[in-house]
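Here's model.pdb, which has PDB, C-alpha atoms:
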```pdb
ATOM      1  CA  MET A   1       0.000   0.000   0.000
ATOM      2  CA  ILE A   2       1.203   3.512  -0.809
ATOM      3  CA  SER A   3      -0.145   6.651   0.830
ATOM      4  CA  GLY A   4       0.493  10.363   0.726
ATOM      5  CA  CYS A   5       0.023  12.676   3.701
ATOM      6  CA  TYR A   6      -0.691  16.298   4.497
ATOM      7  CA  TRP A   7       2.470  16.895   6.480
ATOM      8  CA  THR A   8       4.544  15.136   9.114
ATOM      9  CA  VAL A   9       5.735  16.816  12.298
ATOM     10  CA  ASP A  10       8.885  15.265  13.761
ATOM     11  CA  GLY A  11      10.100  17.266  16.745
ATOM     12  CA  ARG A  12      10.588  20.786  15.436
ATOM     13  CA  GLN A  13      10.787  19.760  11.799
ATOM     14  CA  THR A  14       7.737  19.794   9.551
ATOM     15  CA  ARG A  15       7.932  17.745   6.361
ATOM     16  CA  LYS A  16       5.409  18.359   3.608
ATOM     17  CA  GLY A  17       3.537  15.648   1.760
ATOM     18  CA  GLU A  18       5.855  12.694   2.279
ATOM     19  CA  ILE A  19       4.891   9.447   0.535
ATOM     20  CA  TYR A  20       4.820   6.201   2.495
ATOM     21  CA  PHE A  21       5.044   2.551   1.489
ATOM     22  CA  PHE A  22       3.481  -0.193   3.641
ATOM     23  CA  ALA A  23       4.602  -3.719   2.725
ATOM     24  CA  GLY A  24       1.764  -6.240   2.744
ATOM     25  CA  LEU A  25       2.039  -9.088   5.263
ATOM     26  CA  GLY A  26      -1.112 -10.938   4.238
ATOM     27  CA  GLY A  27      -4.426 -11.226   6.005
ATOM     28  CA  GLY A  28      -5.062  -7.500   5.722
ATOM     29  CA  ARG A  29      -1.932  -6.684   7.731
ATOM     30  CA  TYR A  30       0.874  -4.316   6.767
ATOM     31  CA  ALA A  31       4.419  -3.638   7.924
ATOM     32  CA  ALA A  32       5.460  -0.309   9.405
ATOM     33  CA  SER A  33       5.706   2.560   6.941
ATOM     34  CA  THR A  34       8.783   3.357   4.853
ATOM     35  CA  ARG A  35       9.341   6.792   3.303
ATOM     36  CA  LEU A  36       9.837   6.752  -0.456
ATOM     37  CA  THR A  37      13.002   8.421  -1.752
ATOM     38  CA  ASP A  38      14.665   9.710  -4.897
ATOM     39  CA  ALA A  39      17.705   8.172  -6.565
ATOM     40  CA  ASN A  40      20.015   9.817  -4.008
ATOM     41  CA  GLY A  41      18.136   8.433  -1.034
ATOM     42  CA  LYS A  42      16.523  11.766  -0.212
ATOM     43  CA  THR A  43      12.942  11.555   1.118
ATOM     44  CA  LEU A  44      10.338  12.680  -1.401
ATOM     45  CA  GLN A  45       8.877  15.984  -0.214
ATOM     46  CA  ILE A  46       7.223  17.822  -3.081
ATOM     47  CA  SER A  47       4.286  19.747  -1.626
ATOM     48  CA  GLU A  48       1.718  19.464   1.123
ATOM     49  CA  ALA A  49      -1.346  17.194   1.126
ATOM     50  CA  SER A  50       0.015  14.591  -1.280
ATOM     51  CA  SER A  51      -2.313  12.111  -2.967
ATOM     52  CA  VAL A  52      -0.684   9.209  -4.808
ATOM     53  CA  ALA A  53      -1.428   6.727  -7.577
ATOM     54  CA  ILE A  54       1.006   4.003  -8.609
ATOM     55  CA  VAL A  55       1.129   2.700 -12.187
ATOM     56  CA  ASP A  56       3.646   1.712 -14.844
ATOM     57  CA  TRP A  57       2.576   4.650 -16.978
ATOM     58  CA  ASP A  58       5.516   4.643 -19.389
ATOM     59  CA  ARG A  59       5.324   0.838 -19.771
ATOM     60  CA  ASP A  60       8.991   0.215 -19.063
ATOM     61  CA  GLY A  61       8.275  -2.524 -16.526
ATOM     62  CA  THR A  62       8.831  -0.369 -13.415
ATOM     63  CA  LEU A  63       6.050   1.193 -11.372
ATOM     64  CA  ASP A  64       5.848   4.999 -11.431
ATOM     65  CA  LEU A  65       4.114   7.547  -9.185
ATOM     66  CA  VAL A  66       1.500  10.117 -10.110
ATOM     67  CA  CYS A  67       1.005  12.648  -7.307
ATOM     68  CA  ALA A  68      -1.497  15.427  -6.686
ATOM     69  CA  PHE A  69      -1.326  18.075  -3.978
ATOM     70  CA  SER A  70      -3.230  20.803  -2.221
ATOM     71  CA  HIS A  71      -1.513  23.703  -3.998
ATOM     72  CA  ALA A  72       0.795  22.374  -6.715
ATOM     73  CA  PRO A  73       0.568  20.855 -10.207
ATOM     74  CA  VAL A  74       0.072  17.116 -10.614
ATOM     75  CA  LYS A  75       3.468  15.415 -10.887
ATOM     76  CA  PHE A  76       4.846  12.291 -12.556
ATOM     77  CA  LEU A  77       7.800  10.531 -10.892
ATOM     78  CA  LYS A  78       9.476   7.870 -12.986
ATOM     79  CA  GLY A  79      10.088   4.614 -11.149
ATOM     80  CA  LEU A  80      13.762   3.673 -10.863
ATOM     81  CA  GLY A  81      13.274   0.414  -8.979
ATOM     82  CA  GLN A  82      13.858  -0.495  -5.334
ATOM     83  CA  LEU A  83      11.210   2.021  -4.235
ATOM     84  CA  THR A  84      13.182   4.978  -5.595
ATOM     85  CA  PHE A  85      11.907   7.551  -8.064
ATOM     86  CA  GLY A  86      13.122  10.232 -10.446
ATOM     87  CA  ASP A  87      12.613  13.964 -10.268
ATOM     88  CA  PRO A  88       8.995  15.180 -10.317
ATOM     89  CA  VAL A  89       7.702  16.401 -13.685
ATOM     90  CA  ASP A  90       4.591  18.580 -14.097
ATOM     91  CA  LEU A  91       1.842  16.861 -16.058
ATOM     92  CA  THR A  92       0.303  18.830 -18.907
ATOM     93  CA  THR A  93      -2.384  18.228 -21.494
ATOM     94  CA  ARG A  94      -1.407  17.873 -25.146
ATOM     95  CA  ASP A  95      -2.153  21.601 -25.632
ATOM     96  CA  GLY A  96       0.321  22.562 -22.903
ATOM     97  CA  ILE A  97      -2.069  23.263 -20.017
ATOM     98  CA  VAL A  98      -0.498  22.407 -16.654
ATOM     99  CA  ILE A  99      -2.799  20.055 -14.732
ATOM    100  CA  GLN A 100      -3.625  21.307 -11.251
ATOM    101  CA  ARG A 101      -6.556  21.446  -8.842
ATOM    102  CA  SER A 102      -6.787  22.843  -5.334
ATOM    103  CA  GLU A 103      -6.809  20.114  -2.647
ATOM    104  CA  ALA A 104      -6.535  17.533  -5.395
ATOM    105  CA  GLY A 105      -6.897  13.769  -5.212
ATOM    106  CA  VAL A 106      -5.532  11.547  -7.983
ATOM    107  CA  ALA A 107      -6.347   8.171  -9.499
ATOM    108  CA  VAL A 108      -5.029   6.410 -12.583
ATOM    109  CA  GLY A 109      -7.238   3.826 -14.257
ATOM    110  CA  ASP A 110      -8.594   2.746 -17.621
ATOM    111  CA  TRP A 111     -11.736   4.881 -17.589
ATOM    112  CA  ASP A 112     -12.665   4.491 -21.270
ATOM    113  CA  SER A 113     -11.764   0.768 -21.567
ATOM    114  CA  ASP A 114      -9.144   1.216 -24.292
ATOM    115  CA  GLY A 115      -6.428  -0.588 -22.321
ATOM    116  CA  ILE A 116      -4.532   2.605 -21.417
ATOM    117  CA  PRO A 117      -4.643   3.973 -17.841
ATOM    118  CA  ASP A 118      -6.186   7.466 -17.792
ATOM    119  CA  LEU A 119      -5.825  10.287 -15.274
ATOM    120  CA  ILE A 120      -8.755  10.996 -12.926
ATOM    121  CA  LEU A 121      -8.506  14.059 -10.699
ATOM    122  CA  GLY A 122     -10.674  15.190  -7.790
ATOM    123  CA  ALA A 123     -10.741  18.752  -6.462
ATOM    124  CA  GLY A 124     -11.373  20.635  -3.258
ATOM    125  CA  ASN A 125     -14.803  21.757  -4.475
ATOM    126  CA  GLY A 126     -15.932  18.163  -5.048
ATOM    127  CA  GLU A 127     -15.427  18.196  -8.817
ATOM    128  CA  VAL A 128     -13.949  15.149 -10.579
ATOM    129  CA  VAL A 129     -12.426  15.379 -14.064
ATOM    130  CA  PHE A 130     -11.007  12.858 -16.560
ATOM    131  CA  TYR A 131      -7.961  13.196 -18.823
ATOM    132  CA  LYS A 132      -7.872  10.587 -21.576
ATOM    133  CA  ALA A 133      -4.406   9.088 -22.045
ATOM    134  CA  ILE A 134      -2.985   8.377 -25.510
ATOM    135  CA  GLN A 135      -0.163   5.839 -25.210
ATOM    136  CA  GLN A 136       3.218   6.703 -26.713
ATOM    137  CA  ALA A 137       6.304   4.571 -27.297
ATOM    138  CA  THR A 138       7.675   2.446 -24.454
ATOM    139  CA  GLY A 139       9.556   4.595 -21.958
ATOM    140  CA  LYS A 140       7.535   7.718 -22.736
ATOM    141  CA  LEU A 141       4.601   9.217 -20.877
ATOM    142  CA  PRO A 142       1.165   9.025 -22.497
ATOM    143  CA  THR A 143      -0.245  12.193 -23.983
ATOM    144  CA  LEU A 144      -3.183  13.571 -22.004
ATOM    145  CA  GLU A 145      -6.236  15.003 -23.744
ATOM    146  CA  PRO A 146      -7.999  18.111 -22.327
ATOM    147  CA  GLU A 147     -10.140  17.470 -19.277
ATOM    148  CA  ILE A 148     -13.700  16.174 -19.360
ATOM    149  CA  GLN A 149     -15.865  16.752 -16.313
ATOM    150  CA  LEU A 150     -17.250  13.592 -14.735
ATOM    151  CA  ILE A 151     -18.750  15.043 -11.542
ATOM    152  CA  PRO A 152     -19.594  18.749 -11.156
ATOM    153  CA  PRO A 153     -18.647  20.786  -8.084
ATOM    154  CA  ALA A 154     -20.686  19.750  -5.060
ATOM    155  CA  GLU A 155     -23.835  21.530  -3.986
ATOM    156  CA  MET A 156     -24.871  22.213  -0.417
ATOM    157  CA  LEU A 157     -25.816  19.089   1.479
ATOM    158  CA  ALA A 158     -29.523  19.159   0.749
ATOM    159  CA  GLU A 159     -29.497  15.394   0.217
ATOM    160  CA  LEU A 160     -28.414  14.833   3.814
ATOM    161  CA  ALA A 161     -31.849  15.118   5.349
ATOM    162  CA  ALA A 162     -31.998  15.659   9.089
ATOM    163  CA  PRO A 163     -34.080  13.332  11.264
ATOM    164  CA  GLU A 164     -37.751  14.260  11.456
ATOM    165  CA  GLY A 165     -38.367  17.415  13.463
ATOM    166  CA  LEU A 166     -34.736  18.538  13.324
ATOM    167  CA  GLU A 167     -32.721  20.892  11.127
ATOM    168  CA  ILE A 168     -29.081  20.826   9.993
ATOM    169  CA  LEU A 169     -27.257  24.048  10.839
ATOM    170  CA  ASN A 170     -24.210  25.305   8.901
ATOM    171  CA  PRO A 171     -24.303  22.799   6.018
ATOM    172  CA  ARG A 172     -21.123  22.621   3.945
ATOM    173  CA  SER A 173     -20.481  21.290   0.454
ATOM    174  CA  ARG A 174     -18.772  17.996  -0.123
ATOM    175  CA  GLY A 175     -15.136  18.743  -0.761
ATOM    176  CA  ARG A 176     -11.642  17.335  -1.191
ATOM    177  CA  ALA A 177     -12.798  14.680  -3.649
ATOM    178  CA  LYS A 178     -10.492  11.654  -3.647
ATOM    179  CA  PRO A 179     -11.402   9.345  -6.558
ATOM    180  CA  ALA A 180     -10.664   5.698  -7.272
ATOM    181  CA  VAL A 181     -11.489   3.690 -10.397
ATOM    182  CA  ALA A 182     -12.866   0.140 -10.116
ATOM    183  CA  ASP A 183     -15.496  -2.135 -11.652
ATOM    184  CA  TRP A 184     -17.657  -1.896  -8.523
ATOM    185  CA  ASN A 185     -20.618  -3.967  -9.742
ATOM    186  CA  GLY A 186     -18.753  -6.437 -11.963
ATOM    187  CA  ASP A 187     -20.425  -5.416 -15.225
ATOM    188  CA  GLY A 188     -17.147  -4.888 -17.082
ATOM    189  CA  LYS A 189     -17.324  -1.082 -16.936
ATOM    190  CA  SER A 190     -15.149   1.232 -14.859
ATOM    191  CA  ASP A 191     -17.000   2.918 -12.005
ATOM    192  CA  LEU A 192     -15.998   5.765  -9.696
ATOM    193  CA  LEU A 193     -15.611   5.683  -5.942
ATOM    194  CA  VAL A 194     -15.145   9.141  -4.452
ATOM    195  CA  GLY A 195     -14.226   9.873  -0.862
ATOM    196  CA  ASP A 196     -14.835  13.338   0.518
ATOM    197  CA  CYS A 197     -14.571  15.605   3.538
ATOM    198  CA  VAL A 198     -17.793  17.064   4.930
ATOM    199  CA  ARG A 199     -18.400  19.644   7.620
ATOM    200  CA  ILE A 200     -21.942  20.063   8.927
ATOM    201  CA  GLY A 201     -23.371  21.694  11.988
ATOM    202  CA  PRO A 202     -25.398  20.002  14.712
ATOM    203  CA  TYR A 203     -28.998  18.854  14.433
ATOM    204  CA  LYS A 204     -31.397  21.180  16.279
ATOM    205  CA  THR A 205     -35.165  21.419  16.741
ATOM    206  CA  SER A 206     -37.155  24.158  15.025
ATOM    207  CA  GLU A 207     -37.701  25.818  18.396
ATOM    208  CA  GLU A 208     -33.967  25.857  19.110
ATOM    209  CA  VAL A 209     -33.261  27.284  15.672
ATOM    210  CA  ALA A 210     -35.837  30.042  16.238
ATOM    211  CA  VAL A 211     -34.104  31.018  19.497
ATOM    212  CA  LEU A 212     -30.738  30.985  17.709
ATOM    213  CA  ARG A 213     -31.975  33.257  14.909
ATOM    214  CA  GLY A 214     -33.381  35.678  17.468
ATOM    215  CA  ASN A 215     -30.103  35.760  19.368
ATOM    216  CA  GLU A 216     -28.166  36.329  16.142
ATOM    217  CA  ALA A 217     -30.462  39.212  15.141
ATOM    218  CA  ARG A 218     -30.123  40.821  18.573
ATOM    219  CA  HIS A 219     -26.338  40.428  18.458
ATOM    220  CA  ARG A 220     -26.157  42.121  15.045
ATOM    221  CA  ALA A 221     -28.291  45.009  16.299
ATOM    222  CA  LEU A 222     -26.163  45.490  19.417
ATOM    223  CA  GLU A 223     -22.969  45.271  17.405
ATOM    224  CA  GLY A 224     -24.227  48.064  15.150
ATOM    225  CA  LEU A 225     -25.055  50.274  18.147
ATOM    226  CA  TYR A 226     -21.736  49.445  19.791
ATOM    227  CA  ARG A 227     -19.660  50.299  16.726
ATOM    228  CA  ALA A 228     -21.562  53.532  16.067
ATOM    229  CA  GLN A 229     -21.058  54.681  19.656
ATOM    230  CA  LEU A 230     -17.344  53.859  19.493
ATOM    231  CA  LYS A 231     -16.993  56.014  16.382
ATOM    232  CA  GLU A 232     -18.603  58.919  18.218
ATOM    233  CA  ILE A 233     -16.235  58.432  21.167
ATOM    234  CA  GLU A 234     -13.224  58.311  18.838
ATOM    235  CA  ALA A 235     -14.351  61.528  17.111
ATOM    236  CA  GLU A 236     -14.801  63.305  20.454
ATOM    237  CA  VAL A 237     -11.353  62.222  21.688
ATOM    238  CA  ALA A 238      -9.749  63.303  18.416
ATOM    239  CA  ARG A 239     -11.354  66.765  18.672
ATOM    240  CA  ALA A 240     -10.276  67.078  22.312
ATOM    241  CA  MET A 241      -6.687  66.374  21.235
ATOM    242  CA  GLY A 242      -6.895  69.037  18.525
ATOM    243  CA  PHE A 243      -7.318  66.772  15.505
ATOM    244  CA  GLY A 244     -10.036  66.831  12.915
ATOM    245  CA  SER A 245     -10.149  63.097  12.262
ATOM    246  CA  PHE A 246      -8.833  59.703  13.280
ATOM    247  CA  GLN A 247      -6.567  59.689  10.207
ATOM    248  CA  GLU A 248      -4.899  62.900  11.418
ATOM    249  CA  VAL A 249      -4.223  61.221  14.767
ATOM    250  CA  LEU A 250      -2.482  58.314  13.057
ATOM    251  CA  ALA A 251      -0.453  60.664  10.883
ATOM    252  CA  ALA A 252       0.841  62.434  14.010
ATOM    253  CA  GLY A 253       2.912  59.418  14.998
ATOM    254  CA  VAL A 254       2.912  56.344  17.214
ATOM    255  CA  GLU A 255       3.123  58.202  20.554
ATOM    256  CA  THR A 256       0.134  60.392  19.715
ATOM    257  CA  ALA A 257      -1.841  57.393  18.476
ATOM    258  CA  ASN A 258      -1.128  55.533  21.719
ATOM    259  CA  ARG A 259      -2.399  58.494  23.770
ATOM    260  CA  PHE A 260      -5.507  58.545  21.596
ATOM    261  CA  TYR A 261      -6.162  54.829  22.142
ATOM    262  CA  ARG A 262      -5.741  55.163  25.908
ATOM    263  CA  ALA A 263      -8.144  58.123  26.032
ATOM    264  CA  THR A 264     -10.650  56.279  23.860
ATOM    265  CA  GLN A 265     -10.469  53.218  26.141
ATOM    266  CA  GLU A 266     -11.095  55.379  29.223
ATOM    267  CA  SER A 267     -14.087  57.108  27.608
ATOM    268  CA  ARG A 268     -15.519  53.769  26.486
ATOM    269  CA  ASP A 269     -15.161  52.322  29.992
ATOM    270  CA  ARG A 270     -17.079  55.269  31.417
ATOM    271  CA  ASP A 271     -19.968  54.973  28.946
ATOM    272  CA  PRO A 272     -22.739  52.889  30.576
ATOM    273  CA  SER A 273     -24.488  52.155  27.273
ATOM    274  CA  VAL A 274     -21.354  50.738  25.681
ATOM    275  CA  GLN A 275     -20.647  48.589  28.729
ATOM    276  CA  ALA A 276     -24.215  47.263  28.830
ATOM    277  CA  TRP A 277     -24.178  46.431  25.131
ATOM    278  CA  ALA A 278     -20.796  44.692  25.399
ATOM    279  CA  GLN A 279     -21.970  42.596  28.350
ATOM    280  CA  GLU A 280     -25.148  41.537  26.555
ATOM    281  CA  MET A 281     -23.205  40.675  23.399
ATOM    282  CA  ARG A 282     -20.871  38.431  25.386
ATOM    283  CA  LYS A 283     -23.848  36.574  26.855
ATOM    284  CA  LEU A 284     -25.364  36.157  23.408
ATOM    285  CA  GLU A 285     -22.067  34.866  22.007
ATOM    286  CA  VAL A 286     -21.966  32.212  24.721
ATOM    287  CA  ALA A 287     -25.529  31.166  23.827
ATOM    288  CA  ILE A 288     -24.798  31.121  20.077
ATOM    289  CA  ALA A 289     -21.452  29.279  20.224
ATOM    290  CA  PRO A 290     -22.804  25.683  20.543
ATOM    291  CA  PHE A 291     -24.837  26.178  17.371
ATOM    292  CA  LYS A 292     -21.737  27.104  15.365
ATOM    293  CA  LYS A 293     -19.796  23.928  16.020
ATOM    294  CA  THR A 294     -19.331  21.730  12.988
ATOM    295  CA  VAL A 295     -18.635  18.024  12.750
ATOM    296  CA  THR A 296     -16.004  16.879  10.243
ATOM    297  CA  HIS A 297     -16.356  13.459   8.664
ATOM    298  CA  GLY A 298     -16.524  11.936   5.213
ATOM    299  CA  PHE A 299     -18.538   9.721   2.919
ATOM    300  CA  VAL A 300     -17.598   7.374   0.084
ATOM    301  CA  TRP A 301     -19.846   7.856  -2.936
ATOM    302  CA  VAL A 302     -20.247   5.209  -5.649
ATOM    303  CA  TYR A 303     -20.936   6.358  -9.214
ATOM    304  CA  LEU A 304     -21.843   3.404 -11.452
ATOM    305  CA  ARG A 305     -20.991   3.660 -15.137
ATOM    306  CA  ARG A 306     -23.996   3.507 -17.428
TER     307      ARG A 306
END
```

Show me, as structure tokens, the structure contained in the file I just sent.
Amino acid sequence: MISGCYWTVDGRQTRKGEIYFFAGLGGGRYAASTRLTDANGKTLQISEASSVAIVDWDRDGTLDLVCAFSHAPVKFLKGLGQLTFGDPVDLTTRDGIVIQRSEAGVAVGDWDSDGIPDLILGAGNGEVVFYKAIQQATGKLPTLEPEIQLIPPAEMLAELAAPEGLEILNPRSRGRAKPAVADWNGDGKSDLLVGDCVRIGPYKTSEEVAVLRGNEARHRALEGLYRAQLKEIEAEVARAMGFGSFQEVLAAGVETANRFYRATQESRDRDPSVQAWAQEMRKLEVAIAPFKKTVTHGFVWVYLRR
């Protein structure tokens, strides 16, 4: 088994996107991980959040790596044998477009059943695209055709219905699509399996949601009053110091600005309305906070080929 990673923290050193090999022991068991290296024995560290596919893409008899990342182009690393690999090369389409997606996940498989492994790429927004591979001579990479969209970017999680009488707060789109290609139902056609990362808020009753919305509206109103009053206080302090505006105070230098901030703080602390509003806002924030928590998990979606 081969796996990428986001990053590895070892003491004070952070290593980005290392690639690990786990030797199979049989019975679903694996040996401890081994970091993959280049020809000089240096650990492969290309970019963060690595996703890896392994395939003999140039058909020279040695397995190669195809790697995708969070914020870097998709790379090809030629296999050199003994779990070592050549320098990373950016993958491009035949018209010269560098292949890259944010928070990408990669798979290599024969999507169109022509006997040549194609490139399948997932993205942070849930999209999955296909690049048809045209095989070249032995020892050379296949040519990749321009992308074809297989799965559009994800919508909000309307399909995740809450239990009866409850609502889902803070729904988030499916993201970070990580595809795999397999004949899932044994019909001879390649299907897609796509893992994702989902963040959704807690389930709450309609009554709880109504209270939340009321608290949020009150907080917004108080925040508006609070900010408006602070602007008036700042203007008064600026005039008392002989300035026409806050910008003139800043232009007068750091020492003057510090005196202004101290005077503003003192005036704010003496204003009973500002203090009352601030205290009520803090109470509302405590009441609202539990409703803002999200749960992170993922699903695996199966897309059967028609």

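Computed from the coordinates, the CA of Lys204 (chain A) to CA of Val300 (chain A) distance equals 25.4 Å.
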
Nearby residues (only C-alpha atoms) at most 12 Å from region 212-218 of chain A, same-chain spacing under 4 positions excluded, as a compact mmCIF listing (two decimals) with C-alpha atoms, keeping the file's coordinate frame:
```txt
# COMPACT_ATOMS: atom_id res chain seq x y z
CA LEU A 169 -27.26 24.05 10.84
CA LYS A 204 -31.40 21.18 16.28
CA THR A 205 -35.16 21.42 16.74
CA SER A 206 -37.16 24.16 15.02
CA GLU A 207 -37.70 25.82 18.40
CA GLU A 208 -33.97 25.86 19.11
CA LEU A 222 -26.16 45.49 19.42
CA GLU A 223 -22.97 45.27 17.40
CA GLY A 224 -24.23 48.06 15.15
CA LEU A 225 -25.06 50.27 18.15
CA TRP A 277 -24.18 46.43 25.13
CA GLU A 280 -25.15 41.54 26.56
CA MET A 281 -23.20 40.67 23.40
CA ARG A 282 -20.87 38.43 25.39
CA LYS A 283 -23.85 36.57 26.86
CA LEU A 284 -25.36 36.16 23.41
CA GLU A 285 -22.07 34.87 22.01
CA VAL A 286 -21.97 32.21 24.72
CA ALA A 287 -25.53 31.17 23.83
CA ILE A 288 -24.80 31.12 20.08
CA ALA A 289 -21.45 29.28 20.22
CA PRO A 290 -22.80 25.68 20.54
CA PHE A 291 -24.84 26.18 17.37
CA LYS A 292 -21.74 27.10 15.36
```

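Coordinates place CA of Ala276 (chain A) at a distance of 17.0 Å from CA of Thr264 (chain A).
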
Exercise for the section: Pull out every residue that the PyMOL selection byres ((chain A and resi 189-191) around 9) matches in the shown coordinates and put them as a list in words. Expected result: Gly109, Asp110, Trp111, Asp112, Ser113, Ala180, Val181, Ala182, Asp183, Trp184, Asn185, Gly186, Asp187, Gly188, Leu192, Leu193, Val302, Tyr303, Leu304, Arg305 and Arg306 of chain A

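For the residues A:Val274, A:Asp269, A:Gln45, A:Ala251, ranking by smallest atom-to-atom distance to Ala228 (chain A) using only C-alpha atoms places A:Val274 first.
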
Exercise for the section: For Gln149 (chain A), list every protein, DNA or RNA residue within 10 Å, evaluated using all atoms listed in the file, and leave out those in the same chain fewer than 6 positions away; present the list as a PyMOL selection string. Expected result: chain A and resi 120-121+127-131

If you keep C-alpha atoms, can you produce a file of those selected residues as a PDB file, in the frame of the given file?
```
ATOM      1  CA  ILE A 120      -8.755  10.996 -12.926  1.00  0.00           C
ATOM      2  CA  LEU A 121      -8.506  14.059 -10.699  1.00  0.00           C
ATOM      3  CA  GLU A 127     -15.427  18.196  -8.817  1.00  0.00           C
ATOM      4  CA  VAL A 128     -13.949  15.149 -10.579  1.00  0.00           C
ATOM      5  CA  VAL A 129     -12.426  15.379 -14.064  1.00  0.00           C
ATOM      6  CA  PHE A 130     -11.007  12.858 -16.560  1.00  0.00           C
ATOM      7  CA  TYR A 131      -7.961  13.196 -18.823  1.00  0.00           C
TER       8      TYR A 131
END
```

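When all atoms listed in the file are used to measure the gap to Leu230 (chain A), the shortest distance among A:Gln247, A:Arg268, A:Thr256, A:Val74 belongs to A:Arg268.
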
Check what the PyMOL selection byres ((chain A and resi 101) around 8) selects in the file above and give those residues as a PDB file with C-alpha atoms, in the frame of the given file.
```
ATOM      1  CA  PHE A  69      -1.326  18.075  -3.978  1.00  0.00           C
ATOM      2  CA  SER A  70      -3.230  20.803  -2.221  1.00  0.00           C
ATOM      3  CA  HIS A  71      -1.513  23.703  -3.998  1.00  0.00           C
ATOM      4  CA  ALA A  72       0.795  22.374  -6.715  1.00  0.00           C
ATOM      5  CA  PRO A  73       0.568  20.855 -10.207  1.00  0.00           C
ATOM      6  CA  ILE A  99      -2.799  20.055 -14.732  1.00  0.00           C
ATOM      7  CA  GLN A 100      -3.625  21.307 -11.251  1.00  0.00           C
ATOM      8  CA  SER A 102      -6.787  22.843  -5.334  1.00  0.00           C
ATOM      9  CA  GLU A 103      -6.809  20.114  -2.647  1.00  0.00           C
ATOM     10  CA  ALA A 104      -6.535  17.533  -5.395  1.00  0.00           C
ATOM     11  CA  LEU A 121      -8.506  14.059 -10.699  1.00  0.00           C
ATOM     12  CA  GLY A 122     -10.674  15.190  -7.790  1.00  0.00           C
ATOM     13  CA  ALA A 123     -10.741  18.752  -6.462  1.00  0.00           C
ATOM     14  CA  GLY A 124     -11.373  20.635  -3.258  1.00  0.00           C
TER      15      GLY A 124
END
```

Practice task
Please indicate the distance in Å from CA of Ile151 (chain A) to CA of Arg199 (chain A), rounded to one decimal place.
Solution key: 19.7 Å

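Proximity to Gly86 (chain A) was assessed for A:Leu36, A:Leu119, A:Cys197, A:Val249 counting all atoms listed in the file; the smallest distance is recorded for A:Leu36.
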
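Selection by the PyMOL selection byres ((chain A and resi 18-35) around 7) on the present file picks out Met1, Ile2, Ser3, Gly4, Cys5, Trp7, Arg15, Lys16, Gly17, Leu36, Thr37, Thr43, Leu44 and Gln45 of chain A.
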
Exercise for the section: Would you kindly return, as a PyMOL selection string, each protein, DNA or RNA residue with an atom no farther than 10 Å from any atom of Thr93 (chain A), considering all atoms listed in the file and excluding same-chain residues fewer than 5 positions away? Expected result: chain A and resi 98-99+131-133+142-147
